[in-house]
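Okay, structure first, notes after.
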Amino acid sequence: MTANPVANHSRPTGAKRLQFEVEVDFRFPSERVESILLGETYRALRHQGLSPHPEPSVLVTRFTSDATVYLVRFHADPATI
């Protein structure tokens, strides 16, 4: 068909960053919430296909009228599935 290499972009190599948001009542201390979310993220990384490197992170992204919104970031590596 072609003499040129073809890249399959549906199965890229290396770990890819995934993320999701969590809304928590603003009355909970943010340091405690971040600690819990990060701890649970590390626990989840034990599952096949998820990668502990680069390390996961938890960030405060915004505030609503009654909640603080946290962004939980972690990496998945399709090659380990």
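Chain identifiers are assigned as A, B, and so on, following the order in which chains appear in the structure tokens; residues are numbered from 1 within each chain, and ligands are numbered from 1 in order of appearance.
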If we count only C-alpha atoms and set the cut-off at 10 Å, which residues sit around Pro52 of chain A, ignoring sequence neighbours fewer than 5 positions away in its own chain? Please answer as a JSON list (two decimals) with C-alpha atoms, in the first residue's frame.
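Heads up, here's the output in part-v5.json:
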[["chain", "number", "residue", "atom", "x", "y", "z"],
["A", 15, "ALA", "CA", 1.36, 6.64, 29.90],
["A", 41, "THR", "CA", -5.81, 7.54, 43.92],
["A", 42, "TYR", "CA", -2.63, 5.72, 44.96],
["A", 43, "ARG", "CA", -4.77, 2.76, 46.08],
["A", 44, "ALA", "CA", -6.51, 2.70, 42.68],
["A", 45, "LEU", "CA", -3.15, 2.72, 40.89],
["A", 46, "ARG", "CA", -2.59, -0.87, 42.01],
["A", 74, "PHE", "CA", -3.35, 10.19, 37.26],
["A", 75, "HIS", "CA", -1.82, 8.21, 34.39],
["A", 76, "ALA", "CA", -2.84, 5.09, 32.51],
["A", 77, "ASP", "CA", -0.50, 3.01, 30.37]]
Looking only at strand (DSSP E or B) from DSSP on the backbone, list the matching residues of chain A as an mmCIF file with all heavy atoms, in the first residue's frame.
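Now in selection.cif:
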data_model
loop_
_atom_site.group_PDB
_atom_site.id
_atom_site.type_symbol
_atom_site.label_atom_id
_atom_site.label_comp_id
_atom_site.auth_asym_id
_atom_site.auth_seq_id
_atom_site.Cartn_x
_atom_site.Cartn_y
_atom_site.Cartn_z
ATOM 1 N N LYS A 16 -0.646 7.935 29.583
ATOM 2 C CA LYS A 16 -1.457 9.106 29.230
ATOM 3 C C LYS A 16 -2.157 9.613 30.478
ATOM 4 O O LYS A 16 -2.654 8.840 31.292
ATOM 5 C CB LYS A 16 -2.513 8.738 28.176
ATOM 6 C CG LYS A 16 -1.921 8.157 26.912
ATOM 7 C CD LYS A 16 -0.998 9.143 26.248
ATOM 8 C CE LYS A 16 -0.318 8.507 25.055
ATOM 9 N NZ LYS A 16 0.994 9.015 24.808
ATOM 10 N N ARG A 17 -2.211 10.937 30.620
ATOM 11 C CA ARG A 17 -2.850 11.525 31.800
ATOM 12 C C ARG A 17 -4.370 11.483 31.654
ATOM 13 O O ARG A 17 -4.930 11.853 30.629
ATOM 14 C CB ARG A 17 -2.404 12.952 32.013
ATOM 15 C CG ARG A 17 -2.972 13.515 33.328
ATOM 16 C CD ARG A 17 -2.423 14.844 33.675
ATOM 17 N NE ARG A 17 -2.970 15.828 32.742
ATOM 18 C CZ ARG A 17 -2.525 17.066 32.659
ATOM 19 N NH1 ARG A 17 -1.531 17.465 33.414
ATOM 20 N NH2 ARG A 17 -3.060 17.901 31.814
ATOM 21 N N LEU A 18 -5.014 11.033 32.716
ATOM 22 C CA LEU A 18 -6.469 11.049 32.833
ATOM 23 C C LEU A 18 -6.814 11.911 34.033
ATOM 24 O O LEU A 18 -5.978 12.117 34.923
ATOM 25 C CB LEU A 18 -7.004 9.632 33.031
ATOM 26 C CG LEU A 18 -6.627 8.621 31.956
ATOM 27 C CD1 LEU A 18 -7.090 7.230 32.366
ATOM 28 C CD2 LEU A 18 -7.215 9.008 30.624
ATOM 29 N N GLN A 19 -8.035 12.412 34.077
ATOM 30 C CA GLN A 19 -8.422 13.260 35.196
ATOM 31 C C GLN A 19 -9.932 13.246 35.376
ATOM 32 O O GLN A 19 -10.669 12.930 34.445
ATOM 33 C CB GLN A 19 -7.933 14.689 35.000
ATOM 34 C CG GLN A 19 -8.458 15.350 33.740
ATOM 35 C CD GLN A 19 -7.749 16.658 33.456
ATOM 36 O OE1 GLN A 19 -6.595 16.855 33.815
ATOM 37 N NE2 GLN A 19 -8.439 17.570 32.812
ATOM 38 N N PHE A 20 -10.359 13.552 36.587
ATOM 39 C CA PHE A 20 -11.777 13.701 36.861
ATOM 40 C C PHE A 20 -11.954 14.717 37.983
ATOM 41 O O PHE A 20 -11.019 14.997 38.734
ATOM 42 C CB PHE A 20 -12.446 12.362 37.215
ATOM 43 C CG PHE A 20 -11.917 11.714 38.455
ATOM 44 C CD1 PHE A 20 -12.502 11.946 39.687
ATOM 45 C CD2 PHE A 20 -10.823 10.853 38.398
ATOM 46 C CE1 PHE A 20 -12.015 11.342 40.835
ATOM 47 C CE2 PHE A 20 -10.336 10.236 39.534
ATOM 48 C CZ PHE A 20 -10.937 10.485 40.764
ATOM 49 N N GLU A 21 -13.152 15.273 38.066
ATOM 50 C CA GLU A 21 -13.458 16.277 39.084
ATOM 51 C C GLU A 21 -14.285 15.671 40.209
ATOM 52 O O GLU A 21 -15.102 14.777 39.982
ATOM 53 C CB GLU A 21 -14.238 17.443 38.481
ATOM 54 C CG GLU A 21 -13.420 18.325 37.584
ATOM 55 C CD GLU A 21 -14.191 19.533 37.102
ATOM 56 O OE1 GLU A 21 -15.436 19.502 37.083
ATOM 57 O OE2 GLU A 21 -13.532 20.509 36.738
ATOM 58 N N VAL A 22 -14.050 16.184 41.407
ATOM 59 C CA VAL A 22 -14.809 15.782 42.589
ATOM 60 C C VAL A 22 -15.247 17.052 43.304
ATOM 61 O O VAL A 22 -14.416 17.914 43.594
ATOM 62 C CB VAL A 22 -13.943 14.922 43.544
ATOM 63 C CG1 VAL A 22 -14.726 14.554 44.788
ATOM 64 C CG2 VAL A 22 -13.425 13.687 42.840
ATOM 65 N N GLU A 23 -16.539 17.157 43.582
ATOM 66 C CA GLU A 23 -17.057 18.289 44.357
ATOM 67 C C GLU A 23 -17.230 17.863 45.804
ATOM 68 O O GLU A 23 -17.832 16.832 46.080
ATOM 69 C CB GLU A 23 -18.408 18.748 43.806
ATOM 70 C CG GLU A 23 -18.313 19.445 42.479
ATOM 71 C CD GLU A 23 -19.634 20.062 42.041
ATOM 72 O OE1 GLU A 23 -20.461 20.410 42.920
ATOM 73 O OE2 GLU A 23 -19.831 20.194 40.839
ATOM 74 N N VAL A 24 -16.673 18.668 46.715
ATOM 75 C CA VAL A 24 -16.754 18.370 48.150
ATOM 76 C C VAL A 24 -17.256 19.621 48.861
ATOM 77 O O VAL A 24 -16.837 20.742 48.544
ATOM 78 C CB VAL A 24 -15.364 17.958 48.698
ATOM 79 C CG1 VAL A 24 -15.439 17.668 50.190
ATOM 80 C CG2 VAL A 24 -14.828 16.755 47.944
ATOM 81 N N ASP A 25 -18.118 19.414 49.836
ATOM 82 C CA ASP A 25 -18.650 20.518 50.632
ATOM 83 C C ASP A 25 -17.506 21.414 51.100
ATOM 84 O O ASP A 25 -16.500 20.920 51.616
ATOM 85 C CB ASP A 25 -19.404 19.951 51.832
ATOM 86 C CG ASP A 25 -20.164 21.016 52.599
ATOM 87 O OD1 ASP A 25 -19.522 21.976 53.083
ATOM 88 O OD2 ASP A 25 -21.394 20.883 52.716
ATOM 89 N N LEU A 50 -3.071 1.058 35.116
ATOM 90 C CA LEU A 50 -2.823 2.379 35.689
ATOM 91 C C LEU A 50 -1.370 2.466 36.107
ATOM 92 O O LEU A 50 -0.769 1.484 36.508
ATOM 93 C CB LEU A 50 -3.752 2.624 36.871
ATOM 94 C CG LEU A 50 -5.240 2.621 36.535
ATOM 95 C CD1 LEU A 50 -6.059 2.852 37.792
ATOM 96 C CD2 LEU A 50 -5.569 3.655 35.480
ATOM 97 N N SER A 51 -0.795 3.655 35.994
ATOM 98 C CA SER A 51 0.633 3.830 36.223
ATOM 99 C C SER A 51 0.908 4.794 37.377
ATOM 100 O O SER A 51 0.329 5.888 37.413
ATOM 101 C CB SER A 51 1.276 4.369 34.941
ATOM 102 O OG SER A 51 2.633 4.645 35.141
ATOM 103 N N SER A 57 -1.804 13.640 41.124
ATOM 104 C CA SER A 57 -1.905 14.919 41.830
ATOM 105 C C SER A 57 -3.366 15.287 42.036
ATOM 106 O O SER A 57 -4.251 14.796 41.341
ATOM 107 C CB SER A 57 -1.192 16.030 41.049
ATOM 108 O OG SER A 57 -1.795 16.207 39.790
ATOM 109 N N VAL A 58 -3.587 16.158 43.012
ATOM 110 C CA VAL A 58 -4.923 16.677 43.305
ATOM 111 C C VAL A 58 -4.811 18.185 43.374
ATOM 112 O O VAL A 58 -3.966 18.723 44.088
ATOM 113 C CB VAL A 58 -5.469 16.119 44.642
ATOM 114 C CG1 VAL A 58 -6.812 16.743 44.975
ATOM 115 C CG2 VAL A 58 -5.565 14.598 44.592
ATOM 116 N N LEU A 59 -5.668 18.873 42.631
ATOM 117 C CA LEU A 59 -5.636 20.336 42.564
ATOM 118 C C LEU A 59 -7.021 20.901 42.854
ATOM 119 O O LEU A 59 -8.031 20.295 42.482
ATOM 120 C CB LEU A 59 -5.231 20.795 41.159
ATOM 121 C CG LEU A 59 -3.966 20.216 40.557
ATOM 122 C CD1 LEU A 59 -3.910 20.536 39.082
ATOM 123 C CD2 LEU A 59 -2.775 20.786 41.273
ATOM 124 N N VAL A 60 -7.072 22.060 43.471
ATOM 125 C CA VAL A 60 -8.327 22.790 43.597
ATOM 126 C C VAL A 60 -8.497 23.574 42.306
ATOM 127 O O VAL A 60 -7.613 24.337 41.911
ATOM 128 C CB VAL A 60 -8.303 23.742 44.815
ATOM 129 C CG1 VAL A 60 -9.556 24.606 44.832
ATOM 130 C CG2 VAL A 60 -8.164 22.956 46.102
ATOM 131 N N THR A 61 -9.640 23.364 41.632
ATOM 132 C CA THR A 61 -9.837 24.048 40.351
ATOM 133 C C THR A 61 -10.782 25.227 40.427
ATOM 134 O O THR A 61 -10.609 26.208 39.725
ATOM 135 C CB THR A 61 -10.348 23.076 39.273
ATOM 136 O OG1 THR A 61 -11.572 22.500 39.708
ATOM 137 C CG2 THR A 61 -9.332 22.004 38.992
ATOM 138 N N ARG A 62 -11.812 25.096 41.275
ATOM 139 C CA ARG A 62 -12.755 26.215 41.394
ATOM 140 C C ARG A 62 -13.639 26.018 42.615
ATOM 141 O O ARG A 62 -13.613 24.977 43.256
ATOM 142 C CB ARG A 62 -13.589 26.374 40.127
ATOM 143 C CG ARG A 62 -14.536 25.254 39.835
ATOM 144 C CD ARG A 62 -15.292 25.493 38.509
ATOM 145 N NE ARG A 62 -16.304 24.499 38.321
ATOM 146 C CZ ARG A 62 -16.102 23.269 37.866
ATOM 147 N NH1 ARG A 62 -14.893 22.873 37.556
ATOM 148 N NH2 ARG A 62 -17.103 22.429 37.715
ATOM 149 N N PHE A 63 -14.421 27.042 42.889
ATOM 150 C CA PHE A 63 -15.358 27.013 44.004
ATOM 151 C C PHE A 63 -16.750 27.270 43.465
ATOM 152 O O PHE A 63 -16.930 28.079 42.556
ATOM 153 C CB PHE A 63 -15.005 28.095 45.029
ATOM 154 C CG PHE A 63 -13.614 27.942 45.586
ATOM 155 C CD1 PHE A 63 -12.553 28.658 45.048
ATOM 156 C CD2 PHE A 63 -13.365 27.084 46.633
ATOM 157 C CE1 PHE A 63 -11.274 28.523 45.549
ATOM 158 C CE2 PHE A 63 -12.091 26.930 47.146
ATOM 159 C CZ PHE A 63 -11.046 27.651 46.600
ATOM 160 N N ALA A 67 -19.497 24.267 47.359
ATOM 161 C CA ALA A 67 -18.501 23.191 47.251
ATOM 162 C C ALA A 67 -17.173 23.708 46.717
ATOM 163 O O ALA A 67 -17.101 24.761 46.073
ATOM 164 C CB ALA A 67 -19.013 22.089 46.332
ATOM 165 N N THR A 68 -16.152 22.936 47.014
ATOM 166 C CA THR A 68 -14.837 23.138 46.407
ATOM 167 C C THR A 68 -14.680 22.023 45.382
ATOM 168 O O THR A 68 -14.991 20.870 45.668
ATOM 169 C CB THR A 68 -13.720 23.043 47.462
ATOM 170 O OG1 THR A 68 -13.974 24.005 48.482
ATOM 171 C CG2 THR A 68 -12.355 23.291 46.848
ATOM 172 N N VAL A 69 -14.209 22.358 44.188
ATOM 173 C CA VAL A 69 -14.063 21.367 43.123
ATOM 174 C C VAL A 69 -12.583 21.011 42.997
ATOM 175 O O VAL A 69 -11.740 21.892 42.804
ATOM 176 C CB VAL A 69 -14.618 21.881 41.779
ATOM 177 C CG1 VAL A 69 -14.478 20.829 40.702
ATOM 178 C CG2 VAL A 69 -16.071 22.312 41.944
ATOM 179 N N TYR A 70 -12.305 19.720 43.122
ATOM 180 C CA TYR A 70 -10.943 19.195 43.045
ATOM 181 C C TYR A 70 -10.769 18.445 41.735
ATOM 182 O O TYR A 70 -11.690 17.760 41.277
ATOM 183 C CB TYR A 70 -10.666 18.235 44.211
ATOM 184 C CG TYR A 70 -10.747 18.903 45.554
ATOM 185 C CD1 TYR A 70 -11.958 19.038 46.214
ATOM 186 C CD2 TYR A 70 -9.604 19.408 46.159
ATOM 187 C CE1 TYR A 70 -12.034 19.655 47.453
ATOM 188 C CE2 TYR A 70 -9.676 20.030 47.402
ATOM 189 C CZ TYR A 70 -10.889 20.147 48.029
ATOM 190 O OH TYR A 70 -10.955 20.767 49.250
ATOM 191 N N LEU A 71 -9.595 18.557 41.158
ATOM 192 C CA LEU A 71 -9.243 17.821 39.954
ATOM 193 C C LEU A 71 -8.227 16.759 40.343
ATOM 194 O O LEU A 71 -7.158 17.081 40.876
ATOM 195 C CB LEU A 71 -8.638 18.764 38.902
ATOM 196 C CG LEU A 71 -8.282 18.134 37.566
ATOM 197 C CD1 LEU A 71 -9.546 17.700 36.828
ATOM 198 C CD2 LEU A 71 -7.517 19.132 36.715
ATOM 199 N N VAL A 72 -8.579 15.499 40.118
ATOM 200 C CA VAL A 72 -7.695 14.375 40.432
ATOM 201 C C VAL A 72 -7.062 13.923 39.120
ATOM 202 O O VAL A 72 -7.763 13.587 38.171
ATOM 203 C CB VAL A 72 -8.472 13.209 41.082
ATOM 204 C CG1 VAL A 72 -7.543 12.053 41.395
ATOM 205 C CG2 VAL A 72 -9.197 13.682 42.331
ATOM 206 N N ARG A 73 -5.723 13.947 39.066
ATOM 207 C CA ARG A 73 -4.982 13.561 37.859
ATOM 208 C C ARG A 73 -4.157 12.310 38.129
ATOM 209 O O ARG A 73 -3.533 12.193 39.184
ATOM 210 C CB ARG A 73 -4.030 14.672 37.440
ATOM 211 C CG ARG A 73 -4.688 15.943 37.026
ATOM 212 C CD ARG A 73 -3.615 16.961 36.753
ATOM 213 N NE ARG A 73 -4.125 18.099 36.048
ATOM 214 C CZ ARG A 73 -3.401 19.138 35.719
ATOM 215 N NH1 ARG A 73 -2.122 19.183 36.033
ATOM 216 N NH2 ARG A 73 -3.933 20.145 35.073
ATOM 217 N N PHE A 74 -4.141 11.400 37.163
ATOM 218 C CA PHE A 74 -3.345 10.186 37.257
ATOM 219 C C PHE A 74 -3.032 9.724 35.840
ATOM 220 O O PHE A 74 -3.489 10.331 34.872
ATOM 221 C CB PHE A 74 -4.093 9.105 38.049
ATOM 222 C CG PHE A 74 -5.424 8.735 37.446
ATOM 223 C CD1 PHE A 74 -5.559 7.618 36.654
ATOM 224 C CD2 PHE A 74 -6.537 9.530 37.676
ATOM 225 C CE1 PHE A 74 -6.791 7.290 36.086
ATOM 226 C CE2 PHE A 74 -7.769 9.213 37.119
ATOM 227 C CZ PHE A 74 -7.887 8.087 36.323
ATOM 228 N N HIS A 75 -2.246 8.679 35.709
ATOM 229 C CA HIS A 75 -1.817 8.211 34.392
ATOM 230 C C HIS A 75 -2.203 6.751 34.161
ATOM 231 O O HIS A 75 -2.185 5.948 35.089
ATOM 232 C CB HIS A 75 -0.313 8.381 34.225
ATOM 233 C CG HIS A 75 0.076 9.822 34.090
ATOM 234 N ND1 HIS A 75 0.143 10.678 35.168
ATOM 235 C CD2 HIS A 75 0.385 10.564 33.006
ATOM 236 C CE1 HIS A 75 0.488 11.875 34.751
ATOM 237 N NE2 HIS A 75 0.633 11.842 33.451
ATOM 238 N N ALA A 76 -2.549 6.461 32.928
ATOM 239 C CA ALA A 76 -2.842 5.089 32.506
ATOM 240 C C ALA A 76 -1.868 4.733 31.391
ATOM 241 O O ALA A 76 -1.529 5.580 30.561
ATOM 242 C CB ALA A 76 -4.272 4.975 32.010
#
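With only C-alpha atoms as the atoms that count, the minimum distance from Leu37 of chain A to the choices A:Pro5, A:Pro56, A:Gly49, A:Pro78 is reached by A:Pro56.
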